[in-house]
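Here is protein.txt, consisting of compact mmCIF, C-alpha atoms:
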```txt
# COMPACT_ATOMS: atom_id res chain seq x y z
CA MET G 1 11.36 -30.86 -19.41
CA ALA G 2 8.52 -33.27 -20.28
CA PRO G 3 5.15 -32.63 -18.58
CA LEU G 4 5.31 -35.75 -16.38
CA ASN G 5 8.84 -34.92 -15.27
CA ALA G 6 7.79 -31.33 -14.58
CA GLU G 7 4.89 -32.50 -12.43
CA ALA G 8 7.14 -34.88 -10.49
CA ALA G 9 9.72 -32.13 -9.90
CA LEU G 10 7.03 -29.74 -8.69
CA ARG G 11 5.58 -32.33 -6.32
CA ARG G 12 9.04 -32.92 -4.81
CA LEU G 13 9.60 -29.19 -4.36
CA MET G 14 6.22 -28.71 -2.72
CA GLU G 15 6.67 -31.70 -0.42
CA THR G 16 10.00 -30.21 0.73
CA ARG G 17 9.10 -26.52 0.94
CA LEU G 18 5.31 -26.61 1.38
CA PRO G 19 4.64 -29.66 3.59
CA ALA G 20 1.24 -28.30 4.63
CA VAL G 21 -0.04 -28.67 1.06
CA ASN G 22 -1.49 -32.08 0.21
CA THR G 23 0.32 -32.69 -3.08
CA ALA G 24 -1.50 -35.99 -3.62
CA GLY G 25 -4.70 -34.05 -4.18
CA CYS G 26 -3.19 -31.40 -6.42
CA HIS G 27 -4.01 -31.02 -10.09
CA PHE G 28 -1.30 -29.65 -12.42
CA SER G 29 -2.19 -27.98 -15.71
CA PRO G 30 0.06 -26.08 -18.19
CA VAL G 31 -0.68 -22.36 -18.46
CA GLN G 32 1.22 -21.48 -21.64
CA GLY G 33 0.35 -24.12 -24.20
CA LEU G 34 2.60 -27.17 -24.12
CA THR G 35 5.89 -25.42 -23.38
CA GLY G 36 5.86 -26.59 -19.77
CA GLU G 37 7.25 -23.25 -18.59
CA SER G 38 4.27 -22.23 -16.44
CA TRP G 39 1.88 -24.48 -14.55
CA ARG G 40 -1.27 -23.87 -12.54
CA ILE G 41 -1.51 -25.98 -9.40
CA ASP G 42 -4.98 -26.50 -7.92
CA GLY G 43 -5.18 -28.08 -4.49
CA SER G 44 -7.43 -28.16 -1.47
CA GLY G 45 -8.06 -24.50 -0.65
CA ILE G 46 -5.05 -23.26 -2.61
CA THR G 47 -4.16 -22.25 -6.17
CA LEU G 48 -0.54 -21.65 -7.18
CA LEU G 49 1.48 -20.71 -10.23
CA ALA G 50 4.77 -22.50 -10.99
CA ARG G 51 7.25 -20.81 -13.35
CA GLN G 52 10.13 -22.84 -14.75
CA HIS G 53 13.67 -21.52 -15.26
CA SER G 54 13.97 -22.83 -18.81
CA VAL G 55 16.88 -22.65 -21.26
CA GLU G 56 14.91 -20.19 -23.39
CA LYS G 57 14.20 -17.89 -20.45
CA ARG G 58 17.82 -18.03 -19.32
CA ALA G 59 18.90 -16.95 -22.81
CA LEU G 60 16.64 -13.91 -22.46
CA GLY G 61 18.31 -12.90 -19.20
CA VAL G 62 15.52 -14.15 -16.97
CA SER G 63 16.47 -15.38 -13.50
CA ARG G 64 13.81 -16.93 -11.28
CA ARG G 65 16.09 -16.29 -8.29
CA ARG G 66 16.14 -12.57 -9.10
CA GLU G 67 12.40 -12.60 -9.77
CA ALA G 68 11.75 -14.14 -6.36
CA GLN G 69 13.98 -11.61 -4.61
CA VAL G 70 12.27 -8.67 -6.33
CA LEU G 71 8.83 -10.02 -5.45
CA ARG G 72 9.76 -10.58 -1.81
CA ARG G 73 11.43 -7.21 -1.26
CA CYS G 74 9.59 -4.88 -3.62
CA ALA G 75 6.18 -6.25 -4.54
CA PRO G 76 4.02 -6.94 -1.43
CA GLY G 77 0.56 -5.72 -2.33
CA LEU G 78 1.58 -5.11 -5.96
CA GLY G 79 2.44 -8.61 -7.19
CA PRO G 80 2.02 -12.28 -6.23
CA ARG G 81 3.50 -13.76 -3.07
CA VAL G 82 6.40 -16.20 -3.32
CA PHE G 83 5.70 -19.63 -1.81
CA ALA G 84 8.76 -21.66 -2.77
CA GLN G 85 11.70 -21.78 -5.15
CA ASN G 86 14.73 -23.81 -6.19
CA ASN G 87 17.12 -23.68 -9.15
CA GLN G 88 14.45 -24.90 -11.57
CA TRP G 89 11.12 -23.55 -10.32
CA LEU G 90 9.46 -20.56 -8.72
CA ILE G 91 6.08 -21.18 -7.07
CA LEU G 92 3.88 -18.13 -6.66
CA GLU G 93 0.44 -17.18 -5.48
CA TRP G 94 -2.14 -17.47 -8.25
CA LEU G 95 -3.76 -14.04 -8.43
CA GLU G 96 -7.47 -14.11 -9.19
CA GLY G 97 -8.70 -11.21 -11.28
CA ASP G 98 -9.52 -9.92 -14.73
CA ILE G 99 -6.80 -9.01 -17.21
CA VAL G 100 -7.08 -5.30 -17.94
CA THR G 101 -8.26 -4.46 -21.47
CA ASP G 102 -6.65 -1.84 -23.69
CA ALA G 103 -9.58 0.51 -23.06
CA GLU G 104 -9.34 0.00 -19.30
CA PHE G 105 -5.59 0.57 -19.44
CA ALA G 106 -6.15 3.90 -21.21
CA ALA G 107 -8.72 4.86 -18.57
CA LEU G 108 -6.30 3.99 -15.76
CA ASN G 109 -3.79 6.35 -17.34
CA GLN G 110 -6.43 9.03 -17.79
CA ARG G 111 -7.44 8.87 -14.10
CA GLY G 112 -3.85 8.68 -12.82
CA GLU G 113 -4.21 5.21 -11.28
CA LEU G 114 -1.52 3.73 -13.49
CA ALA G 115 0.95 6.46 -12.54
CA ALA G 116 0.05 5.99 -8.87
CA MET G 117 0.84 2.28 -9.10
CA ALA G 118 4.18 2.94 -10.82
CA ALA G 119 5.07 5.60 -8.26
CA GLU G 120 4.23 3.17 -5.45
CA LEU G 121 6.57 0.56 -6.94
CA HIS G 122 9.31 3.17 -7.32
CA ARG G 123 9.08 4.00 -3.60
CA ARG G 124 9.81 0.41 -2.59
CA PRO G 125 13.26 -0.70 -1.30
CA LEU G 126 15.82 -1.83 -3.86
CA SER G 127 15.98 -5.53 -4.68
CA GLY G 128 19.78 -5.70 -4.83
CA TYR G 129 19.80 -6.70 -8.52
CA ARG G 130 20.92 -3.81 -10.76
CA LEU G 131 19.70 -3.84 -14.37
CA ASP G 132 22.64 -3.80 -16.80
CA LEU G 133 21.38 -3.04 -20.31
CA ARG G 134 24.77 -3.32 -21.98
CA ARG G 135 25.18 -6.80 -20.54
CA GLN G 136 21.78 -7.68 -21.99
CA PHE G 137 22.82 -6.26 -25.36
CA ARG G 138 25.93 -8.46 -25.39
CA ARG G 139 23.90 -11.51 -24.35
CA TYR G 140 21.29 -10.99 -27.07
CA TRP G 141 23.89 -10.16 -29.74
CA GLN G 142 25.48 -13.59 -29.34
CA GLN G 143 22.15 -15.22 -30.23
CA LEU G 144 21.32 -13.26 -33.39
CA ASP G 145 21.18 -14.79 -36.85
CA THR G 146 24.45 -13.51 -38.33
CA ARG G 147 22.92 -13.50 -41.84
CA ARG G 148 20.71 -10.60 -40.75
CA LEU G 149 23.53 -8.42 -39.44
CA THR G 150 24.71 -5.43 -41.46
CA PRO G 151 27.59 -2.96 -41.02
CA ASP G 152 25.06 -0.33 -39.84
CA TRP G 153 23.74 -2.70 -37.22
CA LEU G 154 27.25 -3.56 -36.07
CA ARG G 155 27.99 0.17 -35.67
CA LEU G 156 24.77 0.54 -33.66
CA GLN G 157 25.79 -2.28 -31.33
CA HIS G 158 29.20 -0.67 -30.82
CA HIS G 159 27.52 2.67 -30.11
CA PHE G 160 25.47 1.29 -27.24
CA LEU G 161 28.32 -0.76 -25.82
CA GLN G 162 30.82 2.10 -25.94
CA ASN G 163 28.54 4.81 -24.53
CA ALA G 164 27.37 4.94 -20.94
CA PRO G 165 23.61 4.94 -20.35
CA PRO G 166 21.98 8.04 -18.80
CA SER G 167 22.88 8.71 -15.15
CA PRO G 168 19.85 7.78 -13.00
CA LEU G 169 17.55 10.44 -11.65
CA LYS G 170 16.40 8.02 -8.97
CA LEU G 171 17.22 4.36 -8.44
CA ALA G 172 14.23 2.15 -7.68
CA PRO G 173 12.84 -1.31 -8.41
CA LEU G 174 11.53 -1.44 -12.00
CA HIS G 175 9.00 -3.83 -13.53
CA MET G 176 10.08 -3.17 -17.15
CA ASP G 177 7.02 -4.82 -18.74
CA ILE G 178 3.90 -2.89 -17.73
CA HIS G 179 1.13 -3.42 -20.29
CA PRO G 180 -2.54 -4.48 -20.18
CA GLY G 181 -1.75 -8.21 -20.33
CA ASN G 182 0.41 -7.96 -17.21
CA LEU G 183 -2.13 -6.02 -15.16
CA LEU G 184 -4.98 -7.63 -13.22
CA ALA G 185 -8.02 -5.96 -11.71
CA THR G 186 -8.62 -7.88 -8.47
CA GLY G 187 -10.92 -7.46 -5.50
CA GLU G 188 -8.01 -5.86 -3.68
CA GLY G 189 -7.05 -3.44 -6.46
CA LEU G 190 -4.60 -3.51 -9.35
CA ARG G 191 -1.90 -6.18 -9.34
CA LEU G 192 1.11 -6.63 -11.63
CA ILE G 193 2.15 -10.06 -12.87
CA ASP G 194 5.15 -11.36 -14.88
CA TRP G 195 8.04 -9.79 -12.97
CA GLU G 196 10.71 -11.79 -14.80
CA TYR G 197 12.48 -8.71 -16.20
CA ALA G 198 12.20 -6.66 -13.00
CA ALA G 199 15.38 -5.26 -11.44
CA ASP G 200 16.76 -2.02 -9.97
CA GLY G 201 17.35 0.98 -12.22
CA ASP G 202 16.36 4.51 -13.10
CA VAL G 203 12.65 5.31 -12.70
CA ALA G 204 12.74 7.08 -16.08
CA LEU G 205 13.85 3.82 -17.75
CA ASP G 206 10.74 2.02 -16.45
CA ILE G 207 8.60 4.86 -17.75
CA ALA G 208 10.36 4.82 -21.14
CA ALA G 209 9.69 1.06 -21.38
CA LEU G 210 6.04 1.69 -20.51
CA PHE G 211 5.72 4.33 -23.24
CA ARG G 212 7.43 2.30 -25.97
CA GLY G 213 5.91 -1.04 -25.01
CA ASN G 214 2.39 0.37 -25.30
CA GLY G 215 3.00 2.64 -28.30
CA TRP G 216 1.65 5.68 -26.49
CA SER G 217 1.09 9.00 -28.20
CA ALA G 218 2.76 12.19 -26.98
CA GLU G 219 -0.52 13.18 -25.32
CA GLU G 220 -0.82 9.89 -23.43
CA GLN G 221 2.81 10.14 -22.32
CA GLN G 222 2.37 13.69 -21.05
CA ARG G 223 -0.77 12.72 -19.14
CA PHE G 224 1.11 9.92 -17.39
CA LEU G 225 4.06 12.17 -16.52
CA GLN G 226 1.79 14.85 -15.05
CA HIS G 227 0.10 12.29 -12.79
CA TYR G 228 3.41 10.61 -11.91
CA ALA G 229 5.09 13.89 -10.96
CA ARG G 230 2.49 14.45 -8.23
CA GLN G 231 3.47 11.21 -6.49
CA GLY G 232 6.87 10.13 -7.82
CA TYR G 233 9.67 12.27 -9.22
CA HIS G 234 8.32 15.82 -8.88
CA ASP G 235 10.30 17.71 -11.55
CA VAL G 236 8.17 16.80 -14.55
CA VAL G 237 10.35 18.70 -17.06
CA ARG G 238 13.54 16.97 -15.97
CA LEU G 239 11.73 13.62 -15.86
CA GLN G 240 10.45 14.09 -19.39
CA VAL G 241 13.95 14.88 -20.67
CA GLN G 242 15.34 11.82 -18.90
CA VAL G 243 12.67 9.56 -20.39
CA ARG G 244 13.59 10.83 -23.86
CA CYS G 245 17.25 9.98 -23.17
CA TRP G 246 16.26 6.40 -22.33
CA LEU G 247 13.99 5.82 -25.34
CA PRO G 248 16.80 4.77 -27.77
CA TRP G 249 18.08 2.31 -25.17
CA VAL G 250 14.61 0.83 -24.78
CA ASP G 251 14.20 0.68 -28.57
CA TYR G 252 17.44 -1.22 -28.96
CA LEU G 253 16.57 -3.61 -26.13
CA MET G 254 13.23 -4.32 -27.83
CA LEU G 255 14.88 -4.84 -31.23
CA LEU G 256 17.33 -7.41 -29.88
CA TRP G 257 14.63 -9.14 -27.81
CA PHE G 258 12.37 -9.50 -30.86
CA GLU G 259 15.23 -11.01 -32.85
CA VAL G 260 16.09 -13.52 -30.12
CA ARG G 261 12.46 -14.51 -29.67
CA TRP G 262 12.19 -15.06 -33.43
CA GLN G 263 15.26 -17.30 -33.25
CA GLN G 264 13.72 -19.27 -30.38
CA SER G 265 10.18 -19.56 -31.72
CA GLY G 266 10.38 -19.25 -35.51
CA ASP G 267 7.34 -16.94 -35.26
CA ALA G 268 7.67 -14.27 -37.97
CA GLU G 269 5.43 -11.95 -35.95
CA PHE G 270 8.48 -11.06 -33.86
CA LEU G 271 10.26 -9.94 -37.04
CA ARG G 272 7.32 -7.75 -38.00
CA TRP G 273 7.32 -6.08 -34.57
CA GLY G 274 11.08 -5.68 -34.77
CA ALA G 275 10.84 -4.06 -38.21
CA VAL G 276 9.08 -1.05 -36.65
CA VAL G 277 12.01 -0.55 -34.29
CA ARG G 278 14.60 -1.16 -37.02
CA ARG G 279 13.15 1.74 -39.00
CA ARG G 280 13.67 4.06 -36.03
CA PHE G 281 17.39 3.33 -36.30
CA GLY G 282 17.43 3.52 -40.11
CA LEU G 283 18.21 -0.20 -40.43
CA SER G 284 17.01 -2.35 -43.29
CA SER G 285 13.76 -4.10 -42.43
CA SER G 286 14.25 -7.04 -44.81
CA GLU G 287 12.93 -10.36 -43.51
CA PHE G 288 13.41 -14.02 -44.43
```

Here is a file; write its structure as structure tokens.
Amino acid sequence: MAPLNAEAALRRLMETRLPAVNTAGCHFSPVQGLTGESWRIDGSGITLLARQHSVEKRALGVSRRREAQVLRRCAPGLGPRVFAQNNQWLILEWLEGDIVTDAEFAALNQRGELAAMAAELHRRPLSGYRLDLRRQFRRYWQQLDTRRLTPDWLRLQHHFLQNAPPSPLKLAPLHMDIHPGNLLATGEGLRLIDWEYAADGDVALDIAALFRGNGWSAEEQQRFLQHYARQGYHDVVRLQVQVRCWLPWVDYLMLLWFEVRWQQSGDAEFLRWGAVVRRRFGLSSSEF
């Protein structure tokens, strides 16, 4: 969608769903370069974030409808408030705060604040949207560059599709993308942003995604689990075993996601990140 068309569509949505906002005085500015997928809306006494349901996001399994439901049911006090939505757009509260640095993220883990936040999320009511990894694997597989596929990779895909994932220890809402860039330090405490992959699933899966996504060492992982067990799932040994069971599933999800994002963007950085995961599975890391 072109920027002018995006602005017009957002004004119509706000006039319908947010009549108290004076759209004539609003200023619209793109947040993520010129993609038009996210817009900041500055108005009289209000600042909002608009997230588009684009073709690219849909291909990645993102649903703004699901995102809105998760935020409404599971994220009060942890994420942004939902102001309005339709089939194309999701309008959220713009959270003011500082993006957490890598050093601050490590300190939050050291002090147990990160585990406390995750445990708080995992105590929230279910959203009603169950995460289906095998469905995601099939979706991503259809978008891969077939020239990069090998017999070993095909066997790996069949392995994950034919085998059931681990049985959940505890079902809860999951964020699935907790890292420094998605964490804000605000005047009211820590807040999570970018809930587009959030859904219901096993708490150990969310933790496995946290560990892999941040490349944590065994020591950092153990520190998190010890803090988490005091407030979340209390059997730390069983939790640790369950997280290990989920790690290959998270690795494969990451591998496919990197490949699809490379296809969408042409950015070879995604291939370099994916090569690390490919080596874990013993796949060739050759690149174009």

Nearest candidate to Ala116 in chain G (options G:His158, G:Arg280, G:Arg64, G:His227; using all atoms listed in the file):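 Using all atoms listed in the file, Ala116 in chain G sits closest to G:His227.
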
Contacts of Phe211 in chain G at 10 Å (all atoms listed in the file; same-chain gap of 6+ positions) as a PDB file with C-alpha atoms, in the coordinates of the input:
```
ATOM      1  CA  ILE G 178       3.900  -2.890 -17.730  1.00  0.00           C
ATOM      2  CA  HIS G 179       1.130  -3.420 -20.290  1.00  0.00           C
ATOM      3  CA  LEU G 205      13.850   3.820 -17.750  1.00  0.00           C
ATOM      4  CA  SER G 217       1.090   9.000 -28.200  1.00  0.00           C
ATOM      5  CA  ALA G 218       2.760  12.190 -26.980  1.00  0.00           C
ATOM      6  CA  GLU G 220      -0.820   9.890 -23.430  1.00  0.00           C
ATOM      7  CA  GLN G 221       2.810  10.140 -22.320  1.00  0.00           C
ATOM      8  CA  PHE G 224       1.110   9.920 -17.390  1.00  0.00           C
ATOM      9  CA  VAL G 243      12.670   9.560 -20.390  1.00  0.00           C
ATOM     10  CA  LEU G 247      13.990   5.820 -25.340  1.00  0.00           C
ATOM     11  CA  VAL G 250      14.610   0.830 -24.780  1.00  0.00           C
TER      12      VAL G 250
END
```

Proximity to Ala75 in chain G - best of G:Ala20, G:Val55, G:Leu210, G:Leu121, all atoms listed in the file: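 Looking only at the distances to Ala75 in chain G, the closest residue turns out to be G:Leu121.
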
Just want the 10 Å neighbourhood of Val62 in chain G, counted on all atoms listed in the file, with same-chain residues fewer than 4 positions away dropped. Output as a PDB file with C-alpha atoms, in the coordinates of the input.
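What follows is the written file selection_6.pdb:
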```pdb
ATOM      1  CA  HIS G  53      13.670 -21.520 -15.260  1.00  0.00           C
ATOM      2  CA  SER G  54      13.970 -22.830 -18.810  1.00  0.00           C
ATOM      3  CA  VAL G  55      16.880 -22.650 -21.260  1.00  0.00           C
ATOM      4  CA  GLU G  56      14.910 -20.190 -23.390  1.00  0.00           C
ATOM      5  CA  LYS G  57      14.200 -17.890 -20.450  1.00  0.00           C
ATOM      6  CA  ARG G  58      17.820 -18.030 -19.320  1.00  0.00           C
ATOM      7  CA  ARG G  66      16.140 -12.570  -9.100  1.00  0.00           C
ATOM      8  CA  GLU G  67      12.400 -12.600  -9.770  1.00  0.00           C
ATOM      9  CA  TRP G 195       8.040  -9.790 -12.970  1.00  0.00           C
ATOM     10  CA  GLU G 196      10.710 -11.790 -14.800  1.00  0.00           C
ATOM     11  CA  TYR G 197      12.480  -8.710 -16.200  1.00  0.00           C
ATOM     12  CA  ALA G 198      12.200  -6.660 -13.000  1.00  0.00           C
TER      13      ALA G 198
END
```

Skipping near chain neighbours, those fewer than 6 positions away, what residues fall within 9 Å of Trp257 in chain G using only C-alpha atoms, listed as a compact mmCIF listing (two decimals) with C-alpha atoms, in the coordinates of the input?
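This went into around-v7.txt:
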```txt
# COMPACT_ATOMS: atom_id res chain seq x y z
CA LEU G 60 16.64 -13.91 -22.46
CA TYR G 140 21.29 -10.99 -27.07
CA PHE G 270 8.48 -11.06 -33.86
CA GLY G 274 11.08 -5.68 -34.77
```

Among listed residues G:Glu269, G:Glu120, G:Glu219, G:Asp145, nearest His175 in chain G (using only C-alpha atoms):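 For His175 in chain G, the nearest of the candidates is G:Glu120.
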
Residue list as a PyMOL selection string for point (-0.7, -3.2, -10.6), cut-off 7 Å, only C-alpha atoms: chain G and resi 78+117+183-184+190-192

Proximity to Arg223 in chain G - best of G:Arg148, G:Arg134, G:Arg279, G:Arg111, only C-alpha atoms: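 Residue with the minimum atom-to-atom distance to Arg223 in chain G: G:Arg111.
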
Counting all atoms listed in the file, the option among G:Gln242, G:Phe137, G:Asn214, G:Gln143 closest to Gln162 in chain G: G:Phe137

Contacts of Arg72 in chain G within 9 Å, all atoms listed in the file, excl. fewer than 5 positions in-chain, as a PyMOL selection string: chain G and resi 67+81-82+127

Residue among G:Ala50, G:Gln263, G:Asp152, G:Val70 lying closest to Ser38 in chain G, counting only C-alpha atoms: G:Ala50

Within 12 Å of Val276 in chain G using only C-alpha atoms, minus same-chain residues under 3 positions, as a list in words: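 These residues fall inside the cut-off: Arg212, Gly215, Asp251, Tyr252, Met254, Leu255, Phe258, Glu269, Phe270, Leu271, Arg272, Trp273, Arg279, Arg280, Phe281, Gly282, Leu283, Ser284, Ser285 and Ser286 of chain G.
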
Point-to-point distance in Å for CA of Gly43 in chain G and CA of Ala9 in chain G: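 Computing the Euclidean distance for CA of Ala9 in chain G and CA of Gly43 in chain G yields 16.4 Å.
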
Coordinates-based distance that separates CA of Pro19 in chain G from CA of Trp39 in chain G (Å, one decimal): 19.1 Å

Box time for range 236-244 of chain G: axis-aligned, enclosing all its listed atoms, 8 Å extra on each side; report centre and edge lengths in Å to one decimal, as AutoDock Vina command-line options.
```
--center_x 11.8 --center_y 14.1 --center_z -19.2 --size_x 23.2 --size_y 25.1 --size_z 25.3
```

Å distance separating CA of Val100 in chain G from CA of Gly187 in chain G, one decimal place: 13.2 Å

Spatial sel., origin (18.6, 1.0, -14.4), limit 7 Å, all atoms listed in the file, listed as a list of chain:residue names: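 Protein, DNA and RNA residues close to (18.6, 1.0, -14.4): G:Arg130, G:Leu131, G:Asp132, G:Leu171, G:Asp200, G:Gly201, G:Asp202, G:Leu205.
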